[in-house]
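Visitor: Just so it is clear, I am handing over start.txt, which has compact mmCIF, C-alpha atoms.
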```txt
# COMPACT_ATOMS: atom_id res chain seq x y z
CA MET A 948 0.00 0.00 0.00
CA THR A 949 1.32 3.45 -0.92
CA GLU A 950 2.07 5.60 2.11
CA ARG A 951 -0.21 8.59 2.54
CA LEU A 952 1.31 12.05 2.04
CA ARG A 953 1.52 14.05 5.28
CA ALA A 954 -0.05 17.51 4.97
CA GLY A 955 0.10 20.70 7.02
CA ILE A 956 -1.76 23.99 6.65
CA VAL A 957 -0.38 27.49 7.25
CA GLY A 958 -3.17 29.96 8.08
CA LEU A 959 -6.40 28.58 9.52
CA SER A 960 -9.14 30.80 8.07
CA GLY A 961 -12.46 29.34 6.92
CA ILE A 962 -11.27 28.13 3.52
CA ALA A 963 -8.35 26.45 5.26
CA SER A 964 -10.16 24.71 8.09
CA ARG A 965 -13.88 24.08 7.46
CA LEU A 966 -15.17 20.60 8.27
CA PRO A 967 -16.73 18.39 5.59
CA GLN A 968 -20.33 19.48 5.14
CA ARG A 969 -23.43 17.32 5.00
CA ALA A 970 -25.40 17.12 1.80
CA LYS A 971 -28.66 19.05 1.59
CA HIS A 972 -30.73 15.88 1.19
CA ALA A 973 -30.68 12.72 3.28
CA GLY A 974 -28.89 9.74 1.75
CA LEU A 975 -26.49 11.79 -0.35
CA GLY A 976 -23.52 11.57 2.04
CA ILE A 977 -21.32 14.66 2.26
CA ARG A 978 -20.90 17.60 -0.06
CA LEU A 979 -17.58 17.84 -1.84
CA PRO A 980 -14.83 19.49 0.25
CA VAL A 981 -14.96 23.25 0.70
CA SER A 982 -11.65 23.74 2.52
CA HIS A 983 -8.05 22.60 2.37
CA ALA A 984 -8.50 20.57 5.55
CA ALA A 985 -11.64 18.86 4.27
CA ALA A 986 -9.90 18.07 0.97
CA TYR A 987 -6.93 16.43 2.69
CA TYR A 988 -9.35 14.50 4.89
CA SER A 989 -11.35 13.27 1.90
CA VAL A 990 -8.47 12.34 -0.45
CA PRO A 991 -7.28 8.84 0.52
CA ASP A 992 -3.68 9.55 -0.54
CA THR A 993 -3.24 12.36 2.01
CA LYS A 994 -3.28 12.68 5.79
CA LEU A 995 -3.72 16.04 7.53
CA VAL A 996 -1.39 16.05 10.52
CA ALA A 997 -0.83 19.71 11.49
CA GLY A 998 -1.87 23.32 11.18
CA CYS A 999 -0.58 26.69 12.35
CA ASP A 1000 -1.74 30.27 12.65
CA LEU A 1001 -0.36 33.43 14.24
CA ARG A 1002 -3.69 33.89 16.03
CA PRO A 1003 -4.00 31.52 19.01
CA GLU A 1004 -7.80 31.51 18.87
CA ARG A 1005 -7.67 30.10 15.34
CA THR A 1006 -5.35 27.24 16.26
CA ALA A 1007 -7.58 26.43 19.25
CA ASP A 1008 -10.74 26.47 17.10
CA PHE A 1009 -9.06 24.35 14.42
CA LYS A 1010 -8.00 21.65 16.86
CA ARG A 1011 -11.37 21.68 18.61
CA GLN A 1012 -13.53 21.41 15.51
CA TRP A 1013 -11.45 18.59 14.01
CA SER A 1014 -10.97 16.69 17.29
CA GLY A 1015 -13.70 14.18 16.52
CA LEU A 1016 -12.33 13.28 13.07
CA LEU A 1017 -8.59 13.83 13.63
CA PRO A 1018 -7.86 13.50 17.36
CA ASN A 1019 -4.08 13.47 16.82
CA LEU A 1020 -4.01 16.71 14.82
CA ARG A 1021 -1.24 19.02 16.10
CA VAL A 1022 -1.18 22.82 16.04
CA TYR A 1023 1.66 25.35 16.11
CA PRO A 1024 1.99 29.14 16.58
CA ASP A 1025 3.77 29.73 13.25
CA HIS A 1026 4.95 27.97 10.11
CA GLN A 1027 8.60 27.80 11.18
CA ALA A 1028 7.66 25.77 14.26
CA MET A 1029 5.43 23.46 12.25
CA LEU A 1030 8.02 22.87 9.52
CA ALA A 1031 10.72 22.16 12.12
CA ALA A 1032 8.61 19.70 14.13
CA GLU A 1033 6.75 17.84 11.40
CA ASP A 1034 8.04 15.67 8.55
CA LEU A 1035 5.60 17.09 6.00
CA ASP A 1036 5.16 16.07 2.38
CA ILE A 1037 2.66 18.79 1.41
CA VAL A 1038 2.00 22.29 2.72
CA SER A 1039 -1.01 24.50 2.00
CA VAL A 1040 -0.37 28.25 2.33
CA VAL A 1041 -3.67 29.96 3.19
CA THR A 1042 -2.56 33.33 4.57
CA SER A 1043 -3.09 36.92 3.48
CA ASP A 1044 -2.16 37.47 -0.17
CA HIS A 1045 0.97 39.52 0.52
CA ALA A 1046 2.32 36.99 3.06
CA HIS A 1047 2.59 33.96 0.77
CA ALA A 1048 6.14 34.35 -0.51
CA GLN A 1049 8.35 33.68 2.51
CA ILE A 1050 6.17 30.79 3.69
CA VAL A 1051 6.41 29.07 0.28
CA VAL A 1052 10.19 29.65 0.21
CA ASP A 1053 10.59 28.25 3.74
CA ALA A 1054 8.42 25.23 2.93
CA ALA A 1055 10.42 24.46 -0.21
CA GLU A 1056 13.70 24.73 1.69
CA SER A 1057 12.39 22.49 4.50
CA GLY A 1058 12.16 19.49 2.20
CA VAL A 1059 8.44 19.19 1.50
CA ARG A 1060 7.49 17.47 -1.75
CA GLY A 1061 4.81 19.90 -2.94
CA VAL A 1062 3.07 23.18 -2.10
CA ILE A 1063 -0.46 24.47 -2.63
CA CYS A 1064 -0.69 28.26 -2.37
CA GLU A 1065 -3.90 30.25 -2.25
CA LYS A 1066 -4.52 32.80 -4.97
CA PRO A 1067 -3.29 35.29 -6.03
CA ILE A 1068 0.22 33.88 -5.94
CA ALA A 1069 1.53 37.16 -4.47
CA THR A 1070 1.06 40.92 -4.74
CA THR A 1071 4.44 41.74 -6.35
CA LEU A 1072 6.31 40.10 -9.20
CA ALA A 1073 9.43 39.96 -7.04
CA ASP A 1074 7.62 37.79 -4.50
CA ALA A 1075 6.16 35.55 -7.21
CA ASP A 1076 9.63 35.11 -8.71
CA ARG A 1077 11.06 34.15 -5.30
CA MET A 1078 8.39 31.50 -4.87
CA ILE A 1079 8.90 30.04 -8.34
CA ALA A 1080 12.69 30.04 -7.93
CA ALA A 1081 12.52 28.31 -4.53
CA THR A 1082 10.22 25.52 -5.71
CA ASP A 1083 12.28 25.11 -8.91
CA ARG A 1084 15.48 24.76 -6.86
CA ALA A 1085 13.82 22.17 -4.67
CA GLY A 1086 12.43 20.35 -7.71
CA ILE A 1087 8.89 20.33 -6.31
CA PRO A 1088 5.50 21.31 -7.77
CA LEU A 1089 3.79 24.56 -6.79
CA LEU A 1090 0.03 24.69 -7.39
CA VAL A 1091 -1.88 27.98 -7.05
CA ASN A 1092 -5.53 27.50 -6.12
CA HIS A 1093 -7.29 29.11 -9.09
CA THR A 1094 -10.32 26.98 -8.41
CA ARG A 1095 -11.95 26.86 -11.83
CA ARG A 1096 -9.05 24.76 -13.09
CA TRP A 1097 -10.65 21.84 -11.17
CA MET A 1098 -14.38 22.59 -11.54
CA SER A 1099 -16.05 20.32 -14.08
CA PRO A 1100 -18.24 22.96 -15.81
CA TRP A 1101 -15.24 25.22 -16.40
CA LEU A 1102 -13.17 22.31 -17.65
CA GLN A 1103 -16.03 21.73 -20.09
CA VAL A 1104 -15.72 25.34 -21.27
CA ALA A 1105 -12.00 24.85 -21.84
CA SER A 1106 -12.64 21.65 -23.77
CA LEU A 1107 -15.19 23.35 -26.05
CA ILE A 1108 -12.67 26.08 -26.79
CA HIS A 1109 -9.62 23.90 -27.28
CA ASP A 1110 -11.36 21.31 -29.47
CA GLY A 1111 -12.56 24.02 -31.87
CA THR A 1112 -16.30 23.69 -31.20
CA ILE A 1113 -16.77 27.48 -31.32
CA GLY A 1114 -14.05 28.07 -33.92
CA ASP A 1115 -11.13 30.38 -33.31
CA VAL A 1116 -11.54 32.54 -30.20
CA GLN A 1117 -12.02 36.21 -31.07
CA ARG A 1118 -13.26 38.01 -27.96
CA ILE A 1119 -13.74 37.30 -24.25
CA VAL A 1120 -16.18 39.33 -22.15
CA SER A 1121 -16.31 38.95 -18.38
CA SER A 1122 -18.38 40.70 -15.70
CA GLN A 1123 -17.66 40.57 -12.00
CA GLY A 1124 -20.02 42.38 -9.64
CA GLY A 1125 -20.87 42.85 -6.00
CA PRO A 1126 -19.02 44.22 -2.97
CA ARG A 1127 -16.30 41.58 -3.38
CA ALA A 1128 -15.49 42.47 -6.98
CA MET A 1129 -11.87 42.82 -5.91
CA LEU A 1130 -9.09 42.91 -8.51
CA PHE A 1131 -6.71 40.69 -6.52
CA ARG A 1132 -8.59 38.58 -3.97
CA THR A 1133 -11.45 37.42 -6.24
CA GLY A 1134 -10.55 38.94 -9.61
CA THR A 1135 -7.53 36.67 -9.92
CA HIS A 1136 -9.96 33.81 -10.68
CA ILE A 1137 -11.41 35.67 -13.66
CA CYS A 1138 -7.98 36.82 -14.81
CA ASP A 1139 -6.66 33.26 -14.74
CA SER A 1140 -9.73 32.02 -16.66
CA ILE A 1141 -9.33 34.73 -19.30
CA LEU A 1142 -5.68 33.83 -19.87
CA TRP A 1143 -6.55 30.12 -19.91
CA PHE A 1144 -9.29 30.54 -22.50
CA ALA A 1145 -7.46 33.10 -24.69
CA GLY A 1146 -4.76 30.54 -25.42
CA ALA A 1147 -1.97 33.04 -26.03
CA ARG A 1148 0.45 35.37 -24.29
CA PRO A 1149 -1.00 38.73 -23.15
CA LEU A 1150 0.67 41.67 -24.89
CA ALA A 1151 -0.80 44.81 -23.34
CA VAL A 1152 -3.32 46.03 -20.77
CA TYR A 1153 -5.52 49.14 -20.47
CA ALA A 1154 -7.56 49.92 -17.35
CA LEU A 1155 -9.87 52.58 -15.90
CA PRO A 1156 -10.89 52.82 -12.23
CA GLU A 1157 -14.28 52.94 -10.64
CA PRO A 1158 -15.30 56.46 -9.49
CA GLY A 1159 -13.43 57.46 -6.36
CA LEU A 1160 -10.45 55.19 -7.03
CA GLU A 1161 -8.66 57.42 -9.51
CA ASP A 1162 -5.66 57.82 -7.19
CA TYR A 1163 -5.21 54.09 -6.52
CA GLY A 1164 -2.05 52.55 -7.96
CA PRO A 1165 0.34 52.01 -9.58
CA ARG A 1166 1.09 49.45 -6.83
CA TYR A 1167 -1.09 47.07 -4.88
CA ALA A 1168 -2.16 48.92 -1.71
CA GLY A 1169 -4.47 46.35 -0.11
CA ASP A 1170 -4.31 44.57 3.22
CA GLY A 1171 -3.86 41.08 1.81
CA GLY A 1172 -7.50 40.43 0.99
CA ARG A 1173 -9.37 41.10 4.23
CA ASP A 1174 -10.96 44.48 3.41
CA PRO A 1175 -12.66 44.80 0.00
CA ALA A 1176 -12.35 48.60 0.20
CA THR A 1177 -8.57 48.32 -0.18
CA ASP A 1178 -8.74 46.06 -3.27
CA PRO A 1179 -10.04 48.06 -6.24
CA ALA A 1180 -12.53 47.36 -9.02
CA LEU A 1181 -11.38 48.30 -12.54
CA SER A 1182 -12.52 48.09 -16.15
CA VAL A 1183 -9.80 46.23 -18.05
CA LEU A 1184 -8.95 45.52 -21.70
CA ILE A 1185 -6.31 42.87 -22.44
CA GLU A 1186 -4.66 42.35 -25.85
CA PHE A 1187 -3.24 38.92 -26.75
CA GLU A 1188 -0.62 37.98 -29.31
CA ASN A 1189 -3.11 35.83 -31.27
CA GLY A 1190 -5.45 38.80 -31.80
CA VAL A 1191 -7.88 37.93 -29.01
CA ARG A 1192 -9.13 40.84 -26.91
CA ALA A 1193 -10.64 40.43 -23.47
CA PHE A 1194 -12.99 42.95 -21.86
CA TRP A 1195 -13.13 42.49 -18.08
CA SER A 1196 -15.44 44.60 -15.95
CA LEU A 1197 -15.24 44.69 -12.15
CA CYS A 1198 -17.90 46.82 -10.46
CA LYS A 1199 -18.74 46.72 -6.75
CA THR A 1200 -22.05 48.54 -7.21
CA MET A 1201 -23.46 45.92 -9.62
CA PRO A 1202 -25.33 42.82 -8.42
CA GLN A 1203 -23.16 39.84 -7.52
CA MET A 1204 -22.06 38.02 -10.65
CA PHE A 1205 -19.13 36.08 -12.01
CA ASP A 1206 -19.81 35.63 -15.72
CA ILE A 1207 -17.61 34.95 -18.72
CA GLU A 1208 -18.42 34.71 -22.43
CA ILE A 1209 -15.97 33.41 -25.01
CA TYR A 1210 -16.83 34.32 -28.62
CA GLY A 1211 -15.36 32.28 -31.47
CA THR A 1212 -15.77 32.42 -35.22
CA THR A 1213 -18.64 29.89 -35.17
CA GLY A 1214 -20.18 30.17 -31.72
CA CYS A 1215 -20.05 31.33 -28.13
CA VAL A 1216 -19.73 29.52 -24.81
CA ARG A 1217 -20.94 31.16 -21.60
CA GLY A 1218 -20.26 30.43 -17.96
CA ARG A 1219 -21.97 31.85 -14.88
CA THR A 1220 -21.13 31.08 -11.26
CA PHE A 1221 -23.98 32.59 -9.23
CA PRO A 1222 -26.36 31.23 -8.01
CA GLY A 1223 -24.95 27.94 -9.39
CA ASP A 1224 -22.43 27.08 -12.07
CA GLU A 1225 -24.24 27.30 -15.41
CA ILE A 1226 -22.62 26.60 -18.77
CA SER A 1227 -24.32 27.10 -22.15
CA ILE A 1228 -23.20 27.12 -25.76
CA THR A 1229 -24.54 29.05 -28.74
CA LEU A 1230 -23.60 27.77 -32.20
CA ASP A 1231 -24.06 29.15 -35.70
CA ALA A 1232 -26.78 27.02 -37.30
CA GLY A 1233 -26.63 28.78 -40.69
CA SER A 1234 -28.69 31.61 -42.16
CA HIS A 1235 -27.63 33.79 -39.24
CA ARG A 1236 -29.50 31.54 -36.79
CA MET A 1237 -27.94 30.87 -33.43
CA VAL A 1238 -28.98 27.89 -31.29
CA THR A 1239 -28.36 27.91 -27.54
CA GLU A 1240 -28.08 24.72 -25.47
CA PRO A 1241 -27.60 24.54 -21.67
CA LEU A 1242 -24.71 22.21 -20.87
CA ALA A 1243 -24.30 22.10 -17.11
CA ARG A 1244 -25.68 23.36 -13.83
CA VAL A 1245 -24.11 22.25 -10.58
CA GLU A 1246 -23.89 23.46 -7.01
CA HIS A 1247 -21.35 26.24 -6.52
CA THR A 1248 -19.59 24.18 -3.82
CA SER A 1249 -18.40 21.69 -6.42
CA GLY A 1250 -15.30 20.27 -4.85
CA TRP A 1251 -12.46 22.27 -6.37
CA PHE A 1252 -10.25 21.88 -3.28
CA ALA A 1253 -10.16 18.10 -3.68
CA GLY A 1254 -9.30 18.50 -7.35
CA CYS A 1255 -6.32 20.66 -6.45
CA VAL A 1256 -5.12 18.17 -3.82
CA LEU A 1257 -5.57 15.23 -6.20
CA GLU A 1258 -3.51 17.00 -8.85
CA LEU A 1259 -0.72 17.76 -6.39
CA VAL A 1260 -0.63 14.10 -5.31
CA ARG A 1261 -0.29 13.08 -8.96
CA LEU A 1262 2.50 15.62 -9.53
CA VAL A 1263 4.39 14.59 -6.38
CA ARG A 1264 4.25 10.91 -7.27
CA GLY A 1265 4.50 10.99 -11.04
CA GLY A 1266 5.74 14.40 -12.14
CA GLY A 1267 4.23 16.45 -14.94
CA ARG A 1268 3.20 20.03 -15.63
CA PRO A 1269 0.79 21.77 -13.24
CA SER A 1270 -2.47 23.04 -14.68
CA SER A 1271 -2.25 26.11 -12.42
CA GLY A 1272 1.40 26.41 -11.51
CA GLY A 1273 3.55 29.29 -10.38
CA ARG A 1274 4.23 30.58 -13.88
CA GLU A 1275 0.56 30.58 -14.90
CA ALA A 1276 -0.31 32.40 -11.66
CA ARG A 1277 2.52 34.90 -12.19
CA SER A 1278 1.08 35.75 -15.62
CA SER A 1279 -2.28 36.61 -14.03
CA LEU A 1280 -0.52 38.70 -11.38
CA GLU A 1281 1.40 40.58 -14.08
CA VAL A 1282 -1.84 41.46 -15.89
CA MET A 1283 -3.42 42.73 -12.65
CA LEU A 1284 -0.36 44.83 -11.78
CA ALA A 1285 -0.28 46.18 -15.34
CA ALA A 1286 -3.93 47.18 -14.89
CA LEU A 1287 -2.99 49.17 -11.77
CA GLN A 1288 -0.18 50.87 -13.65
CA SER A 1289 -2.49 51.71 -16.56
CA GLN A 1290 -5.29 53.12 -14.41
CA SER A 1291 -2.81 55.31 -12.54
CA ARG A 1292 -1.85 56.81 -15.92
CA GLY A 1293 -5.41 57.51 -17.02
CA GLY A 1294 -5.93 54.30 -18.99
CA GLU A 1295 -2.64 54.40 -20.87
CA ARG A 1296 -1.64 51.25 -22.80
CA VAL A 1297 0.86 49.27 -20.71
CA GLU A 1298 2.89 46.73 -22.63
CA LEU A 1299 4.02 43.43 -21.10
CA PRO A 1300 6.36 42.40 -19.60
CA ILE A 1301 6.28 44.95 -16.80
CA THR A 1302 8.40 45.47 -13.71
CA ASP A 1303 7.24 46.17 -10.16
CA MET A 1304 6.89 49.88 -9.48
```
Output the file's structure in the form of structure tokens.
Guide:
Amino acid sequence: MTERLRAGIVGLSGIASRLPQRAKHAGLGIRLPVSHAAAYYSVPDTKLVAGCDLRPERTADFKRQWSGLLPNLRVYPDHQAMLAAEDLDIVSVVTSDHAHAQIVVDAAESGVRGVICEKPIATTLADADRMIAATDRAGIPLLVNHTRRWMSPWLQVASLIHDGTIGDVQRIVSSQGGPRAMLFRTGTHICDSILWFAGARPLAVYALPEPGLEDYGPRYAGDGGRDPATDPALSVLIEFENGVRAFWSLCKTMPQMFDIEIYGTTGCVRGRTFPGDEISITLDAGSHRMVTEPLARVEHTSGWFAGCVLELVRLVRGGGRPSSGGREARSSLEVMLAALQSQSRGGERVELPITDM
């Protein structure tokens, strides 16, 4: 029998520590995992052995709530103590956005075999580069938790694009609304999806701010994702080297939405997250007729954490290229930072690559 990979979690917020949840209807078992801890618990190849947080009340709550399922779970006051005491194979980094870098570097240098880092990878390119370099030196995979990479409806969208069902991609239109329409904390998901579906390297970025945010930028000035007011909403245009253009609107005063439309030469595929994941396709049926067919509708809590853990297990044991690795995540970060630089210059075209400002 293959030995289970020993996992530890740094940062014990809700998405790190939630218990497995019961299904809505009797007889359906549990819902798919909605936290790092629940994913490690549910994936047979992994064993959650430890967690740490700088806030003592979080470590106490974590140990208490998991005591019935994992009575031997150990907790620590910081990641250095946990890495020194535990022989870990996998580490999840679930801290504030701007605090990821040193933890990933320390984990890589401690001898772990793989790292999962919450999104966005970092808030500066320098930090992202440090993380990529450290995991490259250690020869270990780094996965960044851009969740749609493991959600079946969004994988279906990617398949429809990549197999040519809608022809050659021409335009991508995305709308993100609600109070948490935050460029970094939540917008990184949309940015990653746009780059995934465009299928080419981004060349340039233009961006305009929401009213009242004209003086934000050119650098990230948030608090790591806790306060939406410090993470701006922008209107963004991205040019790609294959001619694709993406129009990405973030607006905190719109209703909550997380929608994306990918237009090809022969059709369009649409994805919507709220209230549930809905995928539909519209194809050219001739004579300027368009036929729309719904393809999927699933619960929003569709198990992406387990998908990420399963992929990391595969990479640790068999190698391969991550679907959402450090370099893919760095590309999304570069686009978001370029958007901040553009909006601070009144919407000026900012060519990639950029440097931190």
Visitor: With stretch 1129-1142 of chain A as the partner and 12 Å as the cut-off, tabulate the residues of stretch 955-1048 of chain A that qualify, each row holding the nearest pair of atoms and their distance in Å to one decimal, using all atoms listed in the file, sorted by chain and rising number, as JSON lines.
Guide:
```
{"residue": "A:Thr1042", "atom": "CA", "partner": "A:Arg1132", "partner_atom": "CA", "distance": 11.7}
{"residue": "A:Ser1043", "atom": "CA", "partner": "A:Arg1132", "partner_atom": "CA", "distance": 9.4}
{"residue": "A:Asp1044", "atom": "CA", "partner": "A:Arg1132", "partner_atom": "CA", "distance": 7.6}
{"residue": "A:His1045", "atom": "CA", "partner": "A:Phe1131", "partner_atom": "CA", "distance": 10.5}
```
Visitor: Which residue is closest to A:Pro1158? Choose from A:Gln1288, A:Ser1121, A:Thr1200, A:Ser982 and count all atoms listed in the file.
Guide: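 Among the listed residues, A:Thr1200 lies closest to A:Pro1158.
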Visitor: Between A:Leu1181, A:Pro1149, A:Arg1192, A:Arg1173, which has the minimum distance to A:Pro1300 (counting only C-alpha atoms)?
Guide: A:Pro1149
Visitor: In terms of the shortest atom-to-atom distance over all atoms listed in the file, which of A:Ala1048, A:Ala1085, A:Ala954, A:Val981 is closest to A:Gly1254?
Guide: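 The shortest atom-to-atom distance to A:Gly1254 comes from A:Val981.
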Visitor: What does the distance between atom CA of A:Pro1165 and atom CA of A:Arg1127 come to in Å, to one decimal place?
Guide: 20.6 Å
Visitor: Quick one: of A:Gly998, A:Pro1179, A:Gly1218, A:Gly955, who's nearest to A:Glu1157, counting all atoms listed in the file?
Guide: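 Checking each of A:Gly998, A:Pro1179, A:Gly1218, A:Gly955 against A:Glu1157, counting all atoms listed in the file, the winner is A:Pro1179.
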Visitor: Identify which of the residues A:Asp1115, A:Cys999, A:Met1304, A:Tyr1163 lies closest to A:Ala1032, counting only C-alpha atoms when measuring atom-to-atom distances.
Guide: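 Selected residue with least distance to A:Ala1032: A:Cys999.
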Visitor: Residues of stretch 996-1089 of chain A that approach stretch 1265-1280 of chain A to 12 Å or less, counting all atoms listed in the file: could you list each one with the shortest pair of atoms and its distance in Å to one decimal, rows by chain and increasing residue number, as a Markdown table?
Guide:
```
| residue | atom | partner | partner_atom | distance |
| --- | --- | --- | --- | --- |
| A:Asp1044 | CA | A:Leu1280 | CA | 11.4 |
| A:Ala1048 | CA | A:Gly1273 | CA | 11.4 |
| A:Val1051 | CA | A:Gly1273 | CA | 11.0 |
| A:Arg1060 | CA | A:Gly1266 | CA | 11.0 |
| A:Gly1061 | CA | A:Gly1266 | CA | 10.8 |
| A:Val1062 | CA | A:Gly1272 | CA | 10.1 |
| A:Ile1063 | CA | A:Gly1272 | CA | 9.3 |
| A:Cys1064 | CA | A:Gly1273 | CA | 9.1 |
| A:Glu1065 | CA | A:Ala1276 | CA | 10.3 |
| A:Lys1066 | CA | A:Ala1276 | CA | 7.9 |
| A:Pro1067 | CA | A:Leu1280 | CA | 6.9 |
| A:Ile1068 | CA | A:Ala1276 | CA | 5.9 |
| A:Ala1069 | CA | A:Leu1280 | CA | 7.4 |
| A:Thr1070 | CA | A:Leu1280 | CA | 7.2 |
| A:Thr1071 | CA | A:Leu1280 | CA | 7.7 |
| A:Leu1072 | CA | A:Arg1277 | CA | 7.1 |
| A:Ala1073 | CA | A:Arg1277 | CA | 10.0 |
| A:Asp1074 | CA | A:Arg1277 | CA | 9.7 |
| A:Ala1075 | CA | A:Arg1277 | CA | 6.2 |
| A:Asp1076 | CA | A:Arg1277 | CA | 7.9 |
| A:Arg1077 | CA | A:Gly1273 | CA | 10.3 |
| A:Met1078 | CA | A:Gly1273 | CA | 7.7 |
| A:Ile1079 | CA | A:Gly1273 | CA | 5.8 |
| A:Ala1080 | CA | A:Gly1273 | CA | 9.5 |
| A:Ala1081 | CA | A:Gly1273 | CA | 10.8 |
| A:Thr1082 | CA | A:Gly1273 | CA | 9.0 |
| A:Asp1083 | CA | A:Gly1273 | CA | 9.8 |
| A:Gly1086 | CA | A:Gly1266 | CA | 10.0 |
| A:Ile1087 | CA | A:Gly1266 | CA | 8.9 |
| A:Pro1088 | CA | A:Pro1269 | CA | 7.2 |
| A:Leu1089 | CA | A:Gly1272 | CA | 5.6 |
```
Visitor: Print the selection's residues with C-alpha atoms to a file, as a PDB file, in the coordinates of the input.
Guide:
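Final output, saved to part.pdb:
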```pdb
ATOM      1  CA  ASP A1044      -2.160  37.470  -0.170  1.00  0.00           C
ATOM      2  CA  ALA A1048       6.140  34.350  -0.510  1.00  0.00           C
ATOM      3  CA  VAL A1051       6.410  29.070   0.280  1.00  0.00           C
ATOM      4  CA  ARG A1060       7.490  17.470  -1.750  1.00  0.00           C
ATOM      5  CA  GLY A1061       4.810  19.900  -2.940  1.00  0.00           C
ATOM      6  CA  VAL A1062       3.070  23.180  -2.100  1.00  0.00           C
ATOM      7  CA  ILE A1063      -0.460  24.470  -2.630  1.00  0.00           C
ATOM      8  CA  CYS A1064      -0.690  28.260  -2.370  1.00  0.00           C
ATOM      9  CA  GLU A1065      -3.900  30.250  -2.250  1.00  0.00           C
ATOM     10  CA  LYS A1066      -4.520  32.800  -4.970  1.00  0.00           C
ATOM     11  CA  PRO A1067      -3.290  35.290  -6.030  1.00  0.00           C
ATOM     12  CA  ILE A1068       0.220  33.880  -5.940  1.00  0.00           C
ATOM     13  CA  ALA A1069       1.530  37.160  -4.470  1.00  0.00           C
ATOM     14  CA  THR A1070       1.060  40.920  -4.740  1.00  0.00           C
ATOM     15  CA  THR A1071       4.440  41.740  -6.350  1.00  0.00           C
ATOM     16  CA  LEU A1072       6.310  40.100  -9.200  1.00  0.00           C
ATOM     17  CA  ALA A1073       9.430  39.960  -7.040  1.00  0.00           C
ATOM     18  CA  ASP A1074       7.620  37.790  -4.500  1.00  0.00           C
ATOM     19  CA  ALA A1075       6.160  35.550  -7.210  1.00  0.00           C
ATOM     20  CA  ASP A1076       9.630  35.110  -8.710  1.00  0.00           C
ATOM     21  CA  ARG A1077      11.060  34.150  -5.300  1.00  0.00           C
ATOM     22  CA  MET A1078       8.390  31.500  -4.870  1.00  0.00           C
ATOM     23  CA  ILE A1079       8.900  30.040  -8.340  1.00  0.00           C
ATOM     24  CA  ALA A1080      12.690  30.040  -7.930  1.00  0.00           C
ATOM     25  CA  ALA A1081      12.520  28.310  -4.530  1.00  0.00           C
ATOM     26  CA  THR A1082      10.220  25.520  -5.710  1.00  0.00           C
ATOM     27  CA  ASP A1083      12.280  25.110  -8.910  1.00  0.00           C
ATOM     28  CA  GLY A1086      12.430  20.350  -7.710  1.00  0.00           C
ATOM     29  CA  ILE A1087       8.890  20.330  -6.310  1.00  0.00           C
ATOM     30  CA  PRO A1088       5.500  21.310  -7.770  1.00  0.00           C
ATOM     31  CA  LEU A1089       3.790  24.560  -6.790  1.00  0.00           C
TER      32      LEU A1089
END
```
Visitor: With all atoms listed in the file as the counted atoms, please give the residues lying no more than 6 Å from A:Asp1025, apart from itself and same-chain residues fewer than 3 positions off, as JSON, numbers by chain.
Guide: {"A": [999, 1000, 1001, 1028]}
Visitor: List the neighbours of A:Gly1125 out to 6 Å using only C-alpha atoms; skip same-chain residues closer than 2 positions along the sequence, and give me the result as a count of residues only.
Guide: 7
Visitor: Which of these, A:Leu1035, A:Leu1287, A:Val996, A:Leu1020, has the shortest distance to A:Leu1155 once you count all atoms listed in the file?
Guide: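 Of A:Leu1035, A:Leu1287, A:Val996, A:Leu1020, the one nearest A:Leu1155, counting all atoms listed in the file, is A:Leu1287.
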Visitor: Identify, on the basis of all atoms listed in the file, every residue whose closest approach to A:Ala985 does not exceed 10 Å; exclude the query and any residue fewer than 6 positions from it along the same chain; express the result as a PyMOL selection string.
Guide: chain A and resi 962-968+979+995+1013+1250+1252-1253
Visitor: Could you tell me how far atom CA of A:Val1104 lies from atom CA of A:Glu1208, in Å and to one decimal?
Guide: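 Here the two named atoms are 9.8 Å from each other.
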Visitor: What is the atom CA of A:Arg1118 to atom CA of A:Gly1190 distance in Å?
Guide: 8.7 Å
Visitor: Complete stretch 1198-1202 of chain A at the level of N, CA, C and O atoms, written as a JSON list (two decimals), in the frame of the given file.
Guide:
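The result, stored in part-v2.json:
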```
[["chain", "number", "residue", "atom", "x", "y", "z"],
["A", 1198, "CYS", "N", -17.10, 45.70, -10.96],
["A", 1198, "CYS", "CA", -17.90, 46.82, -10.46],
["A", 1198, "CYS", "C", -18.57, 46.41, -9.15],
["A", 1198, "CYS", "O", -19.40, 45.50, -9.13],
["A", 1199, "LYS", "N", -18.22, 47.10, -8.06],
["A", 1199, "LYS", "CA", -18.74, 46.72, -6.75],
["A", 1199, "LYS", "C", -20.18, 47.16, -6.53],
["A", 1199, "LYS", "O", -20.83, 46.68, -5.60],
["A", 1200, "THR", "N", -20.68, 48.07, -7.37],
["A", 1200, "THR", "CA", -22.05, 48.54, -7.21],
["A", 1200, "THR", "C", -23.04, 47.80, -8.11],
["A", 1200, "THR", "O", -24.22, 48.12, -8.14],
["A", 1201, "MET", "N", -22.57, 46.80, -8.86],
["A", 1201, "MET", "CA", -23.46, 45.92, -9.62],
["A", 1201, "MET", "C", -23.91, 44.76, -8.74],
["A", 1201, "MET", "O", -23.30, 44.49, -7.71],
["A", 1202, "PRO", "N", -24.97, 44.04, -9.14],
["A", 1202, "PRO", "CA", -25.33, 42.82, -8.42],
["A", 1202, "PRO", "C", -24.20, 41.80, -8.49],
["A", 1202, "PRO", "O", -23.35, 41.84, -9.39]]
```
